>>> print(open('structure.txt').read())   # compact mmCIF, C-alpha atoms
# COMPACT_ATOMS: atom_id res chain seq x y z
CA MET A 394 30.11 -2.02 13.89
CA SER A 395 27.73 -4.49 12.22
CA LYS A 396 28.87 -6.62 9.32
CA LYS A 397 27.40 -5.91 5.91
CA LEU A 398 25.43 -8.62 4.17
CA LEU A 399 27.17 -10.38 1.29
CA SER A 400 24.75 -8.74 -1.16
CA GLN A 401 25.61 -5.30 0.29
CA ARG A 402 29.32 -5.90 -0.22
CA HIS A 403 28.76 -7.25 -3.73
CA PRO A 404 25.98 -5.27 -5.47
CA PHE A 405 25.97 -7.67 -8.42
CA LEU A 406 24.83 -10.46 -6.07
CA TYR A 407 22.00 -8.20 -4.88
CA PHE A 408 20.95 -7.66 -8.51
CA ILE A 409 20.96 -11.44 -9.11
CA SER A 410 18.93 -12.04 -5.94
CA ILE A 411 16.30 -9.48 -6.95
CA TRP A 412 15.83 -10.96 -10.41
CA GLU A 413 15.71 -14.51 -9.05
CA LYS A 414 12.77 -13.45 -6.89
CA ARG A 415 11.15 -11.62 -9.81
CA ILE A 416 11.38 -14.65 -12.09
CA ARG A 417 9.85 -16.83 -9.38
CA ARG A 418 6.90 -14.43 -9.19
CA ILE A 419 6.43 -14.36 -12.97
CA VAL A 420 6.33 -18.16 -12.98
CA LYS A 421 3.84 -18.09 -10.12
CA TRP A 422 1.56 -15.70 -12.02
CA LYS A 423 1.43 -18.23 -14.85
CA THR A 424 0.91 -21.33 -12.69
CA ASP A 425 -1.13 -20.34 -9.61
CA ASN A 426 -4.53 -20.84 -11.33
CA LYS A 427 -5.69 -17.36 -10.37
CA VAL A 428 -7.68 -15.26 -12.83
CA TYR A 429 -6.09 -11.81 -12.72
CA THR A 430 -7.91 -8.58 -13.51
CA SER A 431 -7.48 -7.31 -17.05
CA GLU A 432 -10.52 -5.19 -17.97
CA ILE A 433 -10.91 -1.44 -17.56
CA GLY A 434 -14.54 -0.39 -17.14
CA LYS A 435 -15.80 2.12 -19.69
CA LYS A 436 -18.39 3.42 -17.23
CA ARG A 437 -18.21 4.23 -13.55
CA LEU A 438 -20.10 1.71 -11.41
CA GLU A 439 -23.09 3.14 -9.58
CA TYR A 440 -22.54 2.44 -5.87
CA ARG A 441 -19.67 3.82 -3.83
CA VAL A 442 -18.26 1.47 -1.20
CA LYS A 443 -15.52 3.76 0.13
CA LYS A 444 -13.72 6.98 -0.81
CA HIS A 445 -10.44 8.27 0.59
CA GLN A 446 -7.79 10.90 -0.11
CA SER A 447 -4.20 11.44 1.00
CA ARG A 448 -1.83 14.39 0.80
CA LEU A 449 0.73 14.36 -1.98
CA ARG A 450 3.27 16.47 -0.11
CA ARG A 451 4.28 15.96 3.51
CA LYS A 452 7.03 17.09 5.84
CA LEU A 453 9.44 14.17 5.73
CA GLY A 454 12.49 15.14 7.72
CA ASN A 455 15.24 16.51 5.49
CA THR A 456 13.93 14.77 2.39
CA GLN A 457 14.59 16.85 -0.70
CA LYS A 458 11.43 18.33 -2.18
CA TRP A 459 12.27 17.25 -5.73
CA MET A 460 11.80 13.61 -4.72
CA GLN A 461 8.22 14.32 -3.65
CA GLU A 462 7.54 16.20 -6.88
CA ASN A 463 8.89 13.28 -8.89
CA LYS A 464 6.77 10.95 -6.79
CA ILE A 465 3.69 12.79 -8.04
CA LYS A 466 4.74 12.14 -11.64
CA ASN A 467 5.26 8.47 -10.76
CA LEU A 468 1.79 8.32 -9.26
CA GLU A 469 0.31 9.81 -12.44
CA ILE A 470 1.80 6.99 -14.51
CA THR A 471 0.75 4.32 -12.01
CA ILE A 472 -2.81 5.60 -11.91
CA GLN A 473 -3.09 5.33 -15.69
CA ASN A 474 -2.63 1.57 -15.33
CA ILE A 475 -5.10 1.11 -12.47
CA ASN A 476 -7.89 3.67 -12.87
CA GLY A 477 -11.18 2.03 -13.80
CA VAL A 478 -9.99 -1.55 -13.37
CA LEU A 479 -12.81 -4.04 -12.77
CA ILE A 480 -12.50 -6.85 -10.23
CA LYS A 481 -15.03 -9.45 -11.34
CA PRO A 482 -16.27 -12.30 -9.11
CA GLY A 483 -13.46 -14.81 -8.73
CA GLU A 484 -10.78 -12.44 -10.04
CA THR A 485 -7.62 -11.27 -8.27
CA PHE A 486 -6.14 -7.79 -8.54
CA SER A 487 -2.33 -7.74 -8.37
CA PHE A 488 -0.75 -4.31 -7.98
CA CYS A 489 2.59 -5.36 -9.49
CA LYS A 490 1.06 -7.32 -12.36
CA THR A 491 -1.26 -4.44 -13.21
CA VAL A 492 1.31 -1.63 -12.93
CA GLY A 493 4.35 -3.48 -14.25
CA LEU A 494 8.01 -2.70 -13.68
CA PRO A 495 8.66 1.03 -13.18
CA THR A 496 11.35 2.12 -15.67
CA LYS A 497 12.74 5.34 -17.11
CA ARG A 498 11.48 4.27 -20.52
CA LYS A 499 7.91 4.35 -19.20
CA GLY A 500 8.45 7.85 -17.85
CA TYR A 501 9.09 7.02 -14.20
CA LYS A 502 11.41 9.36 -12.33
CA MET A 503 13.69 9.16 -9.31
CA GLY A 504 11.26 9.45 -6.44
CA MET A 505 11.54 8.81 -2.74
CA GLU A 506 11.76 5.25 -1.49
CA ILE A 507 12.69 3.87 1.92
CA SER A 508 15.74 1.65 2.14
CA GLY A 509 17.64 0.81 5.30
CA GLY A 510 15.47 3.21 7.27
CA LYS A 511 16.44 6.17 5.12
CA ALA A 512 14.82 8.08 2.29
CA ARG A 513 16.75 7.72 -0.93
CA PRO A 514 15.99 8.24 -4.61
CA GLY A 515 14.88 5.29 -6.72
CA ILE A 516 13.13 4.85 -10.08
CA GLY A 517 9.39 4.77 -9.42
CA GLY A 518 9.86 5.84 -5.82
CA GLY A 519 6.67 6.89 -4.04
CA ILE A 520 4.15 4.60 -5.76
CA CYS A 521 3.59 2.85 -2.43
CA GLN A 522 1.24 5.74 -1.68
CA CYS A 523 -1.06 4.28 -4.31
CA ALA A 524 -0.85 0.82 -2.72
CA ASN A 525 -1.57 2.40 0.68
CA MET A 526 -4.73 3.93 -0.77
CA LEU A 527 -5.90 0.63 -2.25
CA HIS A 528 -5.32 -1.22 1.00
CA TRP A 529 -7.37 1.31 2.98
CA LEU A 530 -10.21 1.12 0.46
CA ALA A 531 -10.14 -2.69 0.55
CA LEU A 532 -10.31 -2.74 4.35
CA HIS A 533 -13.75 -1.11 4.02
CA SER A 534 -15.08 -3.77 1.66
CA PRO A 535 -15.77 -7.51 1.46
CA LEU A 536 -12.79 -8.01 -0.86
CA THR A 537 -10.23 -10.51 0.45
CA ILE A 538 -6.73 -9.14 1.00
CA ASN A 539 -4.58 -12.17 0.25
CA GLU A 540 -1.19 -10.48 0.03
CA ARG A 541 -0.05 -7.39 1.86
CA HIS A 542 3.31 -6.34 3.27
CA HIS A 543 3.53 -3.51 5.75
CA HIS A 544 6.48 -1.14 6.03
CA SER A 545 8.62 -2.52 8.86
CA LEU A 546 10.25 0.87 9.50
CA ASP A 547 8.78 4.15 10.71
CA PRO A 548 11.26 6.67 9.26
CA PHE A 549 9.51 10.00 9.93
CA PRO A 550 7.42 11.51 12.75
CA ASP A 551 3.68 11.75 12.14
CA ASP A 552 2.75 14.87 10.22
CA GLY A 553 -1.00 15.25 9.92
CA ARG A 554 -1.47 11.47 9.89
CA VAL A 555 -5.15 10.55 9.69
CA LEU A 556 -4.80 6.79 9.25
CA PRO A 557 -3.34 4.36 11.78
CA TRP A 558 0.39 3.73 11.54
CA ALA A 559 1.27 0.69 9.37
CA SER A 560 -2.16 0.55 7.75
CA GLY A 561 -0.55 0.90 4.32
CA ALA A 562 0.99 -1.61 1.93
CA ALA A 563 4.57 -1.85 0.69
CA VAL A 564 5.21 -2.85 -2.93
CA PHE A 565 8.43 -3.59 -4.81
CA TYR A 566 8.21 -5.11 -8.27
CA ASN A 567 7.21 -7.81 -8.31
CA TYR A 568 7.71 -10.10 -5.36
CA VAL A 569 6.52 -7.59 -2.74
CA ASP A 570 2.99 -7.36 -4.05
CA PHE A 571 -0.45 -6.23 -2.94
CA GLN A 572 -3.29 -8.53 -4.00
CA LEU A 573 -7.08 -8.54 -3.61
CA THR A 574 -9.46 -11.34 -4.53
CA ASN A 575 -13.17 -10.87 -5.16
CA ASN A 576 -14.82 -13.84 -3.45
CA THR A 577 -18.28 -12.26 -3.73
CA SER A 578 -20.93 -12.29 -6.45
CA ASP A 579 -20.65 -8.51 -6.97
CA LEU A 580 -18.56 -6.53 -9.43
CA PHE A 581 -16.09 -3.97 -8.05
CA GLN A 582 -14.16 -1.11 -9.63
CA ILE A 583 -11.16 0.95 -8.52
CA ASN A 584 -10.99 4.62 -9.49
CA LEU A 585 -7.94 6.78 -8.74
CA TRP A 586 -7.09 10.37 -9.64
CA LEU A 587 -4.92 13.30 -8.61
CA SER A 588 -6.14 16.73 -7.60
CA GLU A 589 -3.81 19.65 -6.94
CA GLU A 590 -2.76 18.52 -3.46
CA LEU A 591 -4.27 15.06 -3.07
CA LEU A 592 -4.23 11.48 -4.26
CA GLU A 593 -7.90 10.51 -4.35
CA GLY A 594 -9.55 7.14 -4.76
CA GLU A 595 -12.80 5.26 -4.50
CA LEU A 596 -13.97 1.68 -4.55
CA LEU A 597 -17.25 1.14 -6.37
CA ALA A 598 -19.68 -1.77 -6.77
CA ASN A 599 -22.49 -2.66 -9.17
CA ASN A 600 -24.89 -3.25 -6.26
CA GLU A 601 -25.46 -1.48 -2.97
CA LEU A 602 -23.81 -3.58 -0.27
CA PRO A 603 -25.87 -4.49 2.82
CA PHE A 604 -22.83 -4.03 5.06
CA SER A 605 -20.42 -1.24 5.94
CA TYR A 606 -17.01 -1.52 7.58
CA ARG A 607 -15.14 0.45 10.24
CA VAL A 608 -11.39 0.18 10.75
CA LYS A 609 -9.74 1.10 14.04
CA GLU A 610 -6.31 1.04 15.62
CA LYS A 611 -5.89 -0.61 19.04
CA ASN A 612 -3.06 -1.12 21.52
CA HIS A 613 -0.74 1.44 19.95
CA SER A 614 2.52 2.08 21.76
CA PHE A 615 6.13 3.19 21.42
CA ILE A 616 8.60 0.80 23.04
CA LYS A 617 12.19 1.59 23.97
CA GLU A 618 14.72 -1.23 23.91
CA GLY A 619 18.13 0.07 24.94
CA GLU A 620 18.61 3.24 22.88
CA GLN A 621 16.30 2.11 20.06
CA TYR A 622 12.58 2.87 19.78
CA TYR A 623 10.00 0.57 18.23
CA ARG A 624 6.33 1.05 17.45
CA SER A 625 3.51 -1.45 17.60
CA ASN A 626 -0.24 -1.54 17.07
CA GLU A 627 -3.15 -3.66 15.92
CA ILE A 628 -5.58 -2.96 13.07
CA TRP A 629 -9.16 -4.15 13.64
CA GLN A 630 -12.10 -4.27 11.23
CA ARG A 631 -15.76 -4.14 12.27
CA LYS A 632 -18.53 -5.32 9.92
CA ILE A 633 -21.86 -3.53 10.41
CA ASP A 634 -25.36 -4.31 9.16
CA LYS A 635 -26.51 -1.13 7.38
CA ARG A 636 -30.18 -1.87 8.08
CA THR A 637 -29.94 -2.37 11.85
CA GLY A 638 -26.61 -0.78 12.71
CA ASN A 639 -25.62 -3.94 14.56
CA THR A 640 -22.05 -5.18 14.58
CA LEU A 641 -21.95 -8.53 12.81
CA SER A 642 -18.27 -9.34 13.33
CA THR A 643 -15.02 -7.90 14.59
CA SER A 644 -11.73 -9.11 13.10
CA LEU A 645 -8.06 -8.56 13.84
CA ILE A 646 -6.55 -7.61 10.48
CA ALA A 647 -2.90 -7.17 11.42
CA LYS A 648 -0.42 -6.88 14.26
CA ASN A 649 2.34 -4.45 13.31
CA TYR A 650 5.78 -3.94 14.80
CA GLY A 651 8.50 -1.74 13.38
CA LYS A 652 11.71 0.09 14.09
CA VAL A 653 11.38 3.86 14.66
CA MET A 654 14.07 6.00 13.02
CA TYR A 655 13.48 9.11 15.15
CA VAL A 656 12.97 9.98 18.82
CA PRO A 657 9.24 10.14 19.70
CA GLU A 658 7.89 13.17 21.47
CA PRO A 659 7.49 12.77 25.28
CA HIS A 660 3.68 12.84 25.03
CA GLN A 661 3.80 9.85 22.69
CA LEU A 662 5.57 7.60 25.18
>>> encode(input="structure.txt", output="structure tokens")
Amino acid sequence: MSKKLLSQRHPFLYFISIWEKRIRRIVKWKTDNKVYTSEIGKKRLEYRVKKHQSRLRRKLGNTQKWMQENKIKNLEITIQNINGVLIKPGETFSFCKTVGLPTKRKGYKMGMEISGGKARPGIGGGICQCANMLHWLALHSPLTINERHHHSLDPFPDDGRVLPWASGAAVFYNYVDFQLTNNTSDLFQINLWLSEELLEGELLANNELPFSYRVKEKNHSFIKEGEQYYRSNEIWQRKIDKRTGNTLSTSLIAKNYGKVMYVPEPHQL
């Protein structure tokens, strides 16, 4: 039987640890010399860089359905803070700074979040789906991803997954953040909305970009160590000249490794 961490045995110490990290981040926001996004565009920019959509409801083991329904409400509130935001040249978009701390007072509900490899209710649970969307859009653009944390656990079997495993972004206010910096001379805009069954999003620009991007998973595998399974892969990005179709560069974006909380199917091994 493994020993519990001190913070697990004394929840008050966990609370203190969380707020110590949050205060450090607030200080960093004020002192890191970054210019953070603050303007919401009144008009939709003309050129689409990338569009994507993801299902709002999935089969997630024995997770109670009410947590997914509450997640949708949480996404609605989150989107209100992000939709239309402009990322000007030299500016940095911070998910946590833009969205703020999810609280009951703001209307957030108990949605699903992952803790200790299990789904459990938490205020604002489920808004990582929004961060996942933004990360995927950014991977298809020249924006610089300068902070991203991937989920180190794989709690549920794939159910209609269309994106590579671990291509998302974990967020937890405010020290587990997702940040993008616009190091180009173009203006970009993020648009997000909900349809009946989908979270939908697009990244727009004020000029048509001369390049497109393709993102691919490589070297995916399930690994068994003793009785425990792990999953690993690599995420690669390819930059393509729209005029010629030639590949201009190929970059390794991330190497992912995480604990699997279920038994993979035989065909996956």
>>> closest_atom_pairs(input="structure.txt", of="segment 610-634 of chain A", to="segment 545-550 of chain A", cutoff="12 Å", atoms="all atoms listed in the file", output="tab-separated table")
residue	atom	partner	partner_atom	distance
A:Phe615	CA	A:Asp547	CA	11.1
A:Tyr622	CA	A:Asp547	CA	9.9
A:Tyr623	CA	A:Asp547	CA	8.4
A:Arg624	CA	A:Asp547	CA	7.8
A:Ser625	CA	A:Ser545	CA	10.2
>>> closest_residue(input="structure.txt", among="A:Lys609, A:Asn525, A:Gly517, A:Ala598", to="Asn575 of chain A", atoms="all atoms listed in the file")
A:Ala598
>>> residues_around(input="structure.txt", residues="Lys632 of chain A", least_positions_apart="5", cutoff="10 Å", atoms="all atoms listed in the file", output="list in words")
His533, Ser534, Pro535, Phe604, Ser605, Tyr606, Arg607, Val608, Gly638, Asn639, Thr640, Leu641, Ser642, Thr643 and Ser644 of chain A
>>> residues_around(input="structure.txt", residues="Ser487 of chain A", least_positions_apart="6", cutoff="9 Å", atoms="all atoms listed in the file", output="number ranges by chain")
A: 429-430, 540, 570-574
>>> atom_distance(input="structure.txt", atom1="atom CA of Gly518 of chain A", atom2="atom CA of Met503 of chain A")
6.2 Å
>>> residues_around(input="structure.txt", residues="segment 554-556 of chain A", least_positions_apart="3", cutoff="10 Å", atoms="only C-alpha atoms", output="ChimeraX atom specification")
/A:447-448,451,529,550-551,559-561,608-610
>>> residues_around(input="structure.txt", residues="Val492 of chain A", least_positions_apart="6", cutoff="12 Å", atoms="all atoms listed in the file", output="tab-separated table (two decimals) with C-alpha atoms, in the coordinates of the input")
chain	number	residue	atom	x	y	z
A	430	THR	CA	-7.91	-8.58	-13.51
A	431	SER	CA	-7.48	-7.31	-17.05
A	467	ASN	CA	5.26	8.47	-10.76
A	468	LEU	CA	1.79	8.32	-9.26
A	469	GLU	CA	0.31	9.81	-12.44
A	470	ILE	CA	1.80	6.99	-14.51
A	471	THR	CA	0.75	4.32	-12.01
A	472	ILE	CA	-2.81	5.60	-11.91
A	473	GLN	CA	-3.09	5.33	-15.69
A	474	ASN	CA	-2.63	1.57	-15.33
A	475	ILE	CA	-5.10	1.11	-12.47
A	476	ASN	CA	-7.89	3.67	-12.87
A	478	VAL	CA	-9.99	-1.55	-13.37
A	486	PHE	CA	-6.14	-7.79	-8.54
A	499	LYS	CA	7.91	4.35	-19.20
A	501	TYR	CA	9.09	7.02	-14.20
A	517	GLY	CA	9.39	4.77	-9.42
A	520	ILE	CA	4.15	4.60	-5.76
A	521	CYS	CA	3.59	2.85	-2.43
A	523	CYS	CA	-1.06	4.28	-4.31
A	524	ALA	CA	-0.85	0.82	-2.72
A	564	VAL	CA	5.21	-2.85	-2.93
A	565	PHE	CA	8.43	-3.59	-4.81
A	566	TYR	CA	8.21	-5.11	-8.27
A	567	ASN	CA	7.21	-7.81	-8.31
A	570	ASP	CA	2.99	-7.36	-4.05
A	571	PHE	CA	-0.45	-6.23	-2.94
>>> axis_aligned_box(input="structure.txt", around="segment 572-587 of chain A", padding_each_side="5 Å", output="AutoDock Vina command-line options")
--center_x -12.1 --center_y -0.3 --center_z -6.5 --size_x 27.6 --size_y 37.1 --size_z 16.2
>>> residues_around(input="structure.txt", residues="Lys611 of chain A", least_positions_apart="4", cutoff="10 Å", atoms="only C-alpha atoms", output="PyMOL selection string")
chain A and resi 557+625-629+645+648
>>> closest_atom_pairs(input="structure.txt", of="segment 453-527 of chain A", to="segment 418-423 of chain A", cutoff="12 Å", atoms="only C-alpha atoms", output="JSON lines")
{"residue": "A:Thr485", "atom": "CA", "partner": "A:Trp422", "partner_atom": "CA", "distance": 10.9}
{"residue": "A:Phe486", "atom": "CA", "partner": "A:Trp422", "partner_atom": "CA", "distance": 11.6}
{"residue": "A:Ser487", "atom": "CA", "partner": "A:Trp422", "partner_atom": "CA", "distance": 9.6}
{"residue": "A:Cys489", "atom": "CA", "partner": "A:Arg418", "partner_atom": "CA", "distance": 10.0}
{"residue": "A:Lys490", "atom": "CA", "partner": "A:Trp422", "partner_atom": "CA", "distance": 8.4}
{"residue": "A:Thr491", "atom": "CA", "partner": "A:Trp422", "partner_atom": "CA", "distance": 11.7}
{"residue": "A:Gly493", "atom": "CA", "partner": "A:Ile419", "partner_atom": "CA", "distance": 11.2}
{"residue": "A:Leu494", "atom": "CA", "partner": "A:Ile419", "partner_atom": "CA", "distance": 11.8}
>>> closest_residue(input="structure.txt", among="A:Tyr650, A:Asn584, A:Ile409, A:Leu527", to="Ile433 of chain A", atoms="all atoms listed in the file")
A:Asn584
>>> closest_residue(input="structure.txt", among="A:Glu589, A:Phe405, A:Arg450, A:Pro659", to="Asp552 of chain A", atoms="all atoms listed in the file")
A:Arg450
>>> closest_residue(input="structure.txt", among="A:Gly504, A:Lys435, A:Gly594, A:Gln630", to="Lys458 of chain A", atoms="all atoms listed in the file")
A:Gly504
>>> closest_residue(input="structure.txt", among="A:Ala562, A:Leu406, A:Val653, A:Leu438", to="Asn599 of chain A", atoms="only C-alpha atoms")
A:Leu438
>>> closest_residue(input="structure.txt", among="A:Val442, A:Ile480, A:Ile616, A:Leu449", to="Val428 of chain A", atoms="only C-alpha atoms")
A:Ile480
>>> atom_distance(input="structure.txt", atom1="atom CA of Pro514 of chain A", atom2="atom CA of Lys452 of chain A")
16.4 Å
>>> residues_near_point(input="structure.txt", point="(1.8, 9.4, 26.2)", cutoff="12 Å", atoms="all atoms listed in the file", output="tab-separated table (two decimals) with C-alpha atoms, keeping the file's coordinate frame")
chain	number	residue	atom	x	y	z
A	613	HIS	CA	-0.74	1.44	19.95
A	614	SER	CA	2.52	2.08	21.76
A	615	PHE	CA	6.13	3.19	21.42
A	616	ILE	CA	8.60	0.80	23.04
A	657	PRO	CA	9.24	10.14	19.70
A	658	GLU	CA	7.89	13.17	21.47
A	659	PRO	CA	7.49	12.77	25.28
A	660	HIS	CA	3.68	12.84	25.03
A	661	GLN	CA	3.80	9.85	22.69
A	662	LEU	CA	5.57	7.60	25.18
>>> atom_distance(input="structure.txt", atom1="atom CA of Leu585 of chain A", atom2="atom CA of Asp425 of chain A")
28.0 Å
>>> residues_near_point(input="structure.txt", point="(-11.9, 6.3, -0.6)", cutoff="7 Å", atoms="only C-alpha atoms", output="short mmCIF file (atom, residue, chain, number, x, y, z; two decimals) with C-alpha atoms, in the frame of the given file")
data_model
loop_
_atom_site.label_atom_id
_atom_site.label_comp_id
_atom_site.auth_asym_id
_atom_site.auth_seq_id
_atom_site.Cartn_x
_atom_site.Cartn_y
_atom_site.Cartn_z
CA LYS A 443 -15.52 3.76 0.13
CA LYS A 444 -13.72 6.98 -0.81
CA HIS A 445 -10.44 8.27 0.59
CA GLN A 446 -7.79 10.90 -0.11
CA LEU A 530 -10.21 1.12 0.46
CA GLU A 593 -7.90 10.51 -4.35
CA GLY A 594 -9.55 7.14 -4.76
CA GLU A 595 -12.80 5.26 -4.50
CA LEU A 596 -13.97 1.68 -4.55
#
